[in-house]
>>> print(open('data-v5.txt').read())   # compact mmCIF, C-alpha atoms and all ligand atoms
# COMPACT_ATOMS: atom_id res chain seq x y z
CA MET A 404 -12.22 -7.22 -93.84
CA ASN A 405 -15.65 -5.66 -93.83
CA GLN A 406 -14.42 -2.91 -91.53
CA ARG A 407 -11.54 -2.12 -93.89
CA ARG A 408 -13.87 -1.94 -96.88
CA LYS A 409 -16.24 0.45 -95.14
CA LYS A 410 -13.40 2.73 -94.17
CA SER A 411 -12.02 2.86 -97.70
CA VAL A 412 -15.41 3.77 -99.19
CA LEU A 413 -15.65 6.72 -96.81
CA MET A 414 -12.16 7.80 -97.73
CA ILE A 415 -12.82 7.66 -101.46
CA TYR A 416 -16.14 9.53 -101.30
CA PRO A 417 -15.82 11.92 -98.37
CA LYS A 418 -17.78 14.75 -100.07
CA PHE A 419 -20.71 12.42 -100.66
CA GLU A 420 -21.03 11.83 -96.94
CA VAL A 421 -21.31 15.49 -95.94
CA LYS A 422 -23.10 17.11 -98.87
CA LYS A 423 -26.40 18.78 -97.88
CA LEU A 424 -29.02 18.07 -100.53
CA SER A 425 -30.85 21.08 -101.91
CA LYS A 426 -34.46 21.07 -100.77
CA ASN A 427 -35.79 22.53 -104.03
CA ILE A 428 -37.96 25.20 -102.45
CA LYS A 429 -41.32 25.69 -104.16
CA GLY A 430 -43.33 27.72 -101.67
CA PHE A 431 -43.27 30.22 -98.83
CA ILE A 432 -45.61 30.14 -95.83
CA PHE A 433 -45.82 33.39 -93.88
CA ASP A 434 -46.95 34.01 -90.35
CA LEU A 435 -49.10 37.16 -90.19
CA ASP A 436 -48.70 39.08 -86.90
CA GLY A 437 -45.09 40.27 -86.63
CA VAL A 438 -44.13 39.17 -90.16
CA ILE A 439 -46.56 40.65 -92.69
CA THR A 440 -47.85 43.36 -90.35
CA ASP A 441 -47.37 44.31 -86.73
CA THR A 442 -50.56 43.98 -84.73
CA ALA A 443 -48.74 43.25 -81.44
CA GLU A 444 -49.49 46.71 -80.02
CA TYR A 445 -53.22 46.30 -80.68
CA HIS A 446 -53.20 42.87 -79.03
CA TYR A 447 -51.34 44.40 -76.07
CA LYS A 448 -53.73 47.33 -75.63
CA SER A 449 -56.77 45.05 -75.87
CA TRP A 450 -55.47 42.56 -73.28
CA LYS A 451 -54.40 45.49 -71.07
CA ARG A 452 -57.86 47.06 -71.13
CA MET A 453 -59.57 43.76 -70.28
CA ALA A 454 -56.97 42.97 -67.58
CA GLU A 455 -57.45 46.36 -65.93
CA GLU A 456 -61.21 45.92 -65.89
CA GLU A 457 -60.70 42.57 -64.16
CA ALA A 458 -57.83 43.70 -61.88
CA ILE A 459 -55.46 41.16 -63.47
CA ALA A 460 -51.75 42.11 -63.42
CA PHE A 461 -50.45 42.46 -66.99
CA ASP A 462 -47.47 44.28 -68.47
CA ARG A 463 -45.34 44.37 -71.63
CA LYS A 464 -43.04 41.65 -70.31
CA VAL A 465 -45.94 39.21 -69.99
CA ASN A 466 -47.19 40.43 -73.38
CA GLU A 467 -43.94 39.22 -75.02
CA GLN A 468 -44.91 35.67 -74.02
CA LEU A 469 -48.11 35.98 -76.08
CA ARG A 470 -46.35 36.26 -79.44
CA GLY A 471 -47.71 33.55 -81.74
CA VAL A 472 -49.84 32.06 -78.96
CA SER A 473 -53.58 31.32 -79.49
CA ARG A 474 -56.22 33.54 -77.85
CA MET A 475 -57.32 31.07 -75.14
CA HIS A 476 -53.75 30.03 -74.35
CA SER A 477 -52.83 33.74 -74.10
CA LEU A 478 -55.62 34.19 -71.54
CA ASP A 479 -54.23 31.28 -69.50
CA ILE A 480 -50.82 33.00 -69.48
CA LEU A 481 -52.48 36.23 -68.27
CA LEU A 482 -54.40 34.39 -65.57
CA ASN A 483 -51.15 32.86 -64.31
CA GLY A 484 -52.82 29.93 -62.54
CA LYS A 485 -55.94 31.83 -61.39
CA GLU A 486 -58.90 29.48 -61.81
CA LEU A 487 -62.06 30.66 -63.56
CA SER A 488 -65.01 28.84 -65.08
CA LEU A 489 -64.82 28.07 -68.80
CA GLU A 490 -67.80 30.38 -69.34
CA LYS A 491 -66.01 33.30 -67.64
CA LYS A 492 -62.81 32.59 -69.61
CA LYS A 493 -64.73 32.62 -72.88
CA GLU A 494 -66.33 35.93 -71.91
CA LEU A 495 -62.95 37.52 -71.10
CA ALA A 496 -61.40 36.27 -74.35
CA SER A 497 -64.31 37.51 -76.42
CA ARG A 498 -64.26 40.91 -74.67
CA LYS A 499 -60.55 41.23 -75.48
CA ASN A 500 -61.29 40.25 -79.07
CA LYS A 501 -63.97 42.92 -79.37
CA TYR A 502 -61.47 45.59 -78.20
CA TYR A 503 -58.92 44.17 -80.68
CA GLN A 504 -61.33 44.24 -83.60
CA ASP A 505 -62.09 47.92 -82.88
CA PHE A 506 -58.42 48.66 -83.60
CA LEU A 507 -58.46 46.76 -86.90
CA ASP A 508 -60.39 49.58 -88.59
CA ASN A 509 -57.11 51.57 -88.46
CA ILE A 510 -55.20 49.05 -90.59
CA SER A 511 -54.43 49.80 -94.24
CA GLN A 512 -51.89 48.81 -96.89
CA ASP A 513 -49.46 51.25 -95.22
CA ASP A 514 -49.20 48.79 -92.33
CA LEU A 515 -47.35 46.13 -94.32
CA LEU A 516 -43.99 45.69 -92.59
CA PRO A 517 -40.98 47.13 -94.49
CA GLY A 518 -39.84 45.01 -97.43
CA MET A 519 -42.81 42.62 -97.35
CA SER A 520 -44.57 44.05 -100.38
CA ASP A 521 -41.47 43.56 -102.55
CA ILE A 522 -40.87 40.03 -101.22
CA LEU A 523 -44.44 38.95 -101.97
CA LYS A 524 -44.33 40.52 -105.45
CA ARG A 525 -41.05 38.81 -106.30
CA LEU A 526 -42.24 35.38 -105.10
CA GLN A 527 -45.44 35.76 -107.12
CA LYS A 528 -43.51 36.80 -110.20
CA GLU A 529 -41.14 33.84 -109.86
CA ASN A 530 -44.09 31.44 -109.51
CA TYR A 531 -43.50 30.32 -105.95
CA LYS A 532 -46.61 29.27 -104.05
CA ILE A 533 -47.35 31.78 -101.26
CA ALA A 534 -49.52 31.14 -98.22
CA VAL A 535 -50.36 32.49 -94.78
CA ALA A 536 -50.45 30.31 -91.65
CA SER A 537 -51.47 32.35 -88.62
CA SER A 538 -52.72 31.41 -85.15
CA SER A 539 -55.13 34.35 -85.33
CA LYS A 540 -58.82 33.86 -85.93
CA ASN A 541 -58.77 37.44 -87.26
CA ALA A 542 -56.15 36.69 -89.94
CA LYS A 543 -58.52 36.95 -92.91
CA ILE A 544 -59.96 40.32 -91.78
CA VAL A 545 -56.45 41.72 -91.21
CA LEU A 546 -55.31 40.57 -94.68
CA LYS A 547 -58.41 42.18 -96.18
CA TYR A 548 -57.63 45.52 -94.52
CA LEU A 549 -54.05 45.20 -95.79
CA GLU A 550 -55.57 44.66 -99.26
CA ILE A 551 -53.55 41.49 -99.90
CA ASP A 552 -56.15 38.83 -99.05
CA ASN A 553 -56.47 37.75 -102.70
CA ILE A 554 -52.77 37.27 -103.54
CA PHE A 555 -52.24 34.07 -101.52
CA ASP A 556 -52.71 30.51 -102.77
CA THR A 557 -54.22 29.68 -99.40
CA ILE A 558 -54.77 31.27 -95.98
CA SER A 559 -54.80 29.15 -92.81
CA ASP A 560 -55.87 30.79 -89.57
CA GLY A 561 -56.73 30.06 -85.94
CA ASN A 562 -59.75 28.03 -87.07
CA SER A 563 -57.84 25.71 -89.43
CA VAL A 564 -56.32 23.14 -87.06
CA LYS A 565 -56.90 21.96 -83.50
CA ASN A 566 -53.31 21.95 -82.22
CA ALA A 567 -51.78 25.44 -82.30
CA LYS A 568 -48.06 26.26 -82.79
CA PRO A 569 -45.57 24.90 -81.55
CA ALA A 570 -47.37 21.85 -83.00
CA PRO A 571 -46.45 21.53 -86.70
CA ASP A 572 -50.11 21.01 -87.68
CA ILE A 573 -50.90 24.42 -89.21
CA PHE A 574 -47.82 24.32 -91.47
CA LEU A 575 -48.44 20.71 -92.57
CA TYR A 576 -52.10 21.56 -93.25
CA THR A 577 -51.06 24.61 -95.30
CA ALA A 578 -48.42 22.71 -97.33
CA ASP A 579 -51.01 20.08 -98.13
CA LYS A 580 -53.45 22.77 -99.32
CA ILE A 581 -50.88 24.09 -101.79
CA ASN A 582 -49.81 20.57 -102.84
CA LEU A 583 -46.24 20.86 -101.62
CA LYS A 584 -44.11 18.51 -99.57
CA PRO A 585 -42.95 19.95 -96.23
CA GLU A 586 -39.31 20.03 -97.37
CA GLU A 587 -40.31 22.20 -100.35
CA CYS A 588 -41.59 24.96 -98.03
CA VAL A 589 -39.96 27.92 -96.30
CA VAL A 590 -41.73 29.29 -93.21
CA VAL A 591 -41.24 32.93 -92.15
CA GLU A 592 -42.02 33.45 -88.45
CA ASP A 593 -41.37 35.91 -85.62
CA ALA A 594 -42.36 33.68 -82.68
CA GLU A 595 -40.35 31.00 -80.90
CA SER A 596 -43.40 28.70 -81.01
CA GLY A 597 -43.65 29.29 -84.78
CA ILE A 598 -40.02 28.38 -85.41
CA GLU A 599 -40.43 25.22 -83.35
CA ALA A 600 -43.55 24.35 -85.37
CA ALA A 601 -41.78 24.94 -88.71
CA LEU A 602 -38.79 22.79 -87.74
CA ALA A 603 -41.07 20.05 -86.41
CA ALA A 604 -42.81 20.13 -89.80
CA ASN A 605 -39.43 19.57 -91.54
CA MET A 606 -39.61 22.95 -93.30
CA THR A 607 -36.89 25.57 -93.70
CA ALA A 608 -37.42 28.12 -90.90
CA VAL A 609 -36.70 31.84 -91.28
CA GLY A 610 -36.84 33.76 -87.99
CA ILE A 611 -37.53 37.47 -87.69
CA GLY A 612 -36.29 38.90 -84.40
CA PRO A 613 -33.56 38.48 -81.80
CA GLU A 614 -31.37 35.41 -81.34
CA GLU A 615 -32.92 34.61 -77.95
CA ARG A 616 -36.37 34.36 -79.56
CA VAL A 617 -35.85 32.86 -83.03
CA GLY A 618 -32.23 31.67 -82.84
CA LYS A 619 -33.18 28.05 -83.61
CA ALA A 620 -34.26 29.04 -87.15
CA ASP A 621 -32.20 28.02 -90.22
CA PHE A 622 -31.93 31.72 -91.14
CA ARG A 623 -32.42 34.71 -88.82
CA TYR A 624 -32.88 38.37 -89.61
CA ASP A 625 -33.46 41.19 -87.10
CA LYS A 626 -36.29 42.73 -89.12
CA THR A 627 -38.35 42.08 -92.24
CA SER A 628 -36.41 44.61 -94.31
CA ASP A 629 -33.26 42.48 -93.75
CA ILE A 630 -34.75 39.29 -95.26
CA ASN A 631 -32.41 38.07 -98.02
CA LEU A 632 -34.39 35.84 -100.39
CA ASP A 633 -31.35 35.05 -102.52
CA GLU A 634 -29.50 33.74 -99.48
CA ILE A 635 -32.46 31.61 -98.38
CA LEU A 636 -33.02 30.14 -101.85
CA LYS A 637 -29.34 29.49 -102.44
CA LYS A 638 -28.56 27.86 -99.10
CA SER A 639 -31.77 25.88 -98.51
C1 LIG B 701 -51.08 35.42 -83.20
C2 LIG B 701 -50.56 36.57 -82.36
O1 LIG B 701 -50.80 35.65 -84.55
O2 LIG B 701 -52.49 35.29 -83.04
C3 LIG B 701 -50.97 36.36 -80.92
O3 LIG B 701 -49.14 36.60 -82.45
C4 LIG B 701 -52.47 36.21 -80.82
O4 LIG B 701 -50.52 37.44 -80.13
C5 LIG B 701 -52.92 35.05 -81.71
O5 LIG B 701 -52.86 35.95 -79.47
C6 LIG B 701 -54.42 34.83 -81.70
O6 LIG B 701 -55.07 35.92 -82.27
P1 LIG B 701 -56.63 36.15 -82.31
O7 LIG B 701 -56.81 37.27 -83.31
O8 LIG B 701 -57.28 34.88 -82.77
O9 LIG B 701 -57.07 36.52 -80.95
MG MG B 702 -46.25 36.15 -85.34
>>> encode(input="data-v5.txt", output="structure tokens", more="lines below")
Ligand code: BG6
Ligand code: MG
Amino acid sequence: MNQRRKKSVLMIYPKFEVKKLSKNIKGFIFDLDGVITDTAEYHYKSWKRMAEEEAIAFDRKVNEQLRGVSRMHSLDILLNGKELSLEKKKELASRKNKYYQDFLDNISQDDLLPGMSDILKRLQKENYKIAVASSSKNAKIVLKYLEIDNIFDTISDGNSVKNAKPAPDIFLYTADKINLKPEECVVVEDAESGIEAALAANMTAVGIGPEERVGKADFRYDKTSDINLDEILKKS
């Protein structure tokens, strides 16, 4: 009897069972490197210089694995199992960072990735909260050079949380700062670890890049100029 009743309810209200509830998006959280600007080449050249000085093998293929990954974790990937003291590792990471910071002087507003200026302006105009959540400890300097450091409701960087992406921590921390629930946030990311972090945080994930890297995202675009805000807002 019970079985029959259950079945008939499902038959009468089939649409109710499958309807995806709208998440009512109220904010956008952007990754920095590879989404707002492209600093990957500067990171690559800085690691390369340090690696050559230390006779550590490093090429562009290994560099691809560093996308979205914290500085010390990146060094571990470079070292590929080679054991060094913590003191030596800190010295290598800080030397790389010094080389990287020398490149930052070259950054200006012209280095915003295509389409990003319009996206940020539109979101501001339509009263969405906008934030940055980057693994980089240099995020605030980079945003300053891009001349957009004062447009965000909050900026989280590599100093904000202990557990880096793919842990959801930085996105949850950022949502909390802007008083939004996770499901009210869209994350825009170019790294596999970033997409995993966004999904683990129960946020809508927008991936920038190829299927093999960001294919798990809810929406994927090859490049920033392809981002379709209307599509994201309508289908989220
Ligand atoms: C991420 C980059 O945003 O920041 C990584 O994608 C980088 O490549 C990481 O390693 C950490 O950056 P920083 O500036 O703290 O060394
Ligand atoms: Mg990135």
>>> residues_around(input="data-v5.txt", residues="segment 527-531 of chain A", least_positions_apart="4", cutoff="10 Å", atoms="all atoms listed in the file", output="PyMOL selection string")
chain A and resi 428-431+521-523+554-556+588
>>> closest_residue(input="data-v5.txt", among="A:Lys540, A:Leu489, A:Phe622, A:Leu546", to="Asn562 of chain A", atoms="all atoms listed in the file")
A:Lys540
>>> atom_distance(input="data-v5.txt", atom1="atom CA of Lys426 of chain A", atom2="atom CA of Val590 of chain A")
13.3 Å
>>> residues_around(input="data-v5.txt", residues="Pro613 of chain A", least_positions_apart="5", cutoff="12 Å", atoms="all atoms listed in the file", output="ChimeraX atom specification")
/A:592-595,618-620,622-626
>>> residues_near_ligand(input="data-v5.txt", ligand="ligand MG 702 (chain B)", cutoff="10 Å", atoms="only C-alpha atoms and all ligand atoms", output="list in words")
Phe433, Asp434, Leu435, Asp436, Gly437, Val438, Ile439, Thr440, Asp441, Thr442, Ala443, Leu469, Arg470, Gly471, Val472, Ala536, Ser537, Ser538, Ser539, Val591, Glu592, Asp593, Ala594, Glu595, Ser596, Gly597, Ile598 and Ile611 of chain A
>>> atom_distance(input="data-v5.txt", atom1="atom O7 of ligand LIG 701 (chain B)", atom2="atom CA of Leu583 of chain A")
26.8 Å
>>> atom_distance(input="data-v5.txt", atom1="atom CA of Lys492 of chain A", atom2="atom CA of Glu599 of chain A")
27.3 Å
>>> residues_around(input="data-v5.txt", residues="Ser563 of chain A", least_positions_apart="4", cutoff="12 Å", atoms="all atoms listed in the file", output="ChimeraX atom specification")
/A:535-543,557-559,567-568,572-577,580
>>> write_last_selection(input="data-v5.txt", atoms="C-alpha atoms", output="mmCIF file, keeping the file's coordinate frame")
data_model
loop_
_atom_site.group_PDB
_atom_site.id
_atom_site.type_symbol
_atom_site.label_atom_id
_atom_site.label_comp_id
_atom_site.auth_asym_id
_atom_site.auth_seq_id
_atom_site.Cartn_x
_atom_site.Cartn_y
_atom_site.Cartn_z
ATOM 1 C CA VAL A 535 -50.360 32.490 -94.780
ATOM 2 C CA ALA A 536 -50.450 30.310 -91.650
ATOM 3 C CA SER A 537 -51.470 32.350 -88.620
ATOM 4 C CA SER A 538 -52.720 31.410 -85.150
ATOM 5 C CA SER A 539 -55.130 34.350 -85.330
ATOM 6 C CA LYS A 540 -58.820 33.860 -85.930
ATOM 7 C CA ASN A 541 -58.770 37.440 -87.260
ATOM 8 C CA ALA A 542 -56.150 36.690 -89.940
ATOM 9 C CA LYS A 543 -58.520 36.950 -92.910
ATOM 10 C CA THR A 557 -54.220 29.680 -99.400
ATOM 11 C CA ILE A 558 -54.770 31.270 -95.980
ATOM 12 C CA SER A 559 -54.800 29.150 -92.810
ATOM 13 C CA ALA A 567 -51.780 25.440 -82.300
ATOM 14 C CA LYS A 568 -48.060 26.260 -82.790
ATOM 15 C CA ASP A 572 -50.110 21.010 -87.680
ATOM 16 C CA ILE A 573 -50.900 24.420 -89.210
ATOM 17 C CA PHE A 574 -47.820 24.320 -91.470
ATOM 18 C CA LEU A 575 -48.440 20.710 -92.570
ATOM 19 C CA TYR A 576 -52.100 21.560 -93.250
ATOM 20 C CA THR A 577 -51.060 24.610 -95.300
ATOM 21 C CA LYS A 580 -53.450 22.770 -99.320
#
>>> closest_residue(input="data-v5.txt", among="A:Gly610, A:Gly518, A:Gly484, A:Gly561", to="ligand LIG 701 (chain B)", atoms="all atoms listed in the file")
A:Gly561
>>> closest_residue(input="data-v5.txt", among="A:Asp479, A:Asp560, A:Ser520, A:Asp514", to="ligand LIG 701 (chain B)", atoms="only C-alpha atoms and all ligand atoms")
A:Asp560
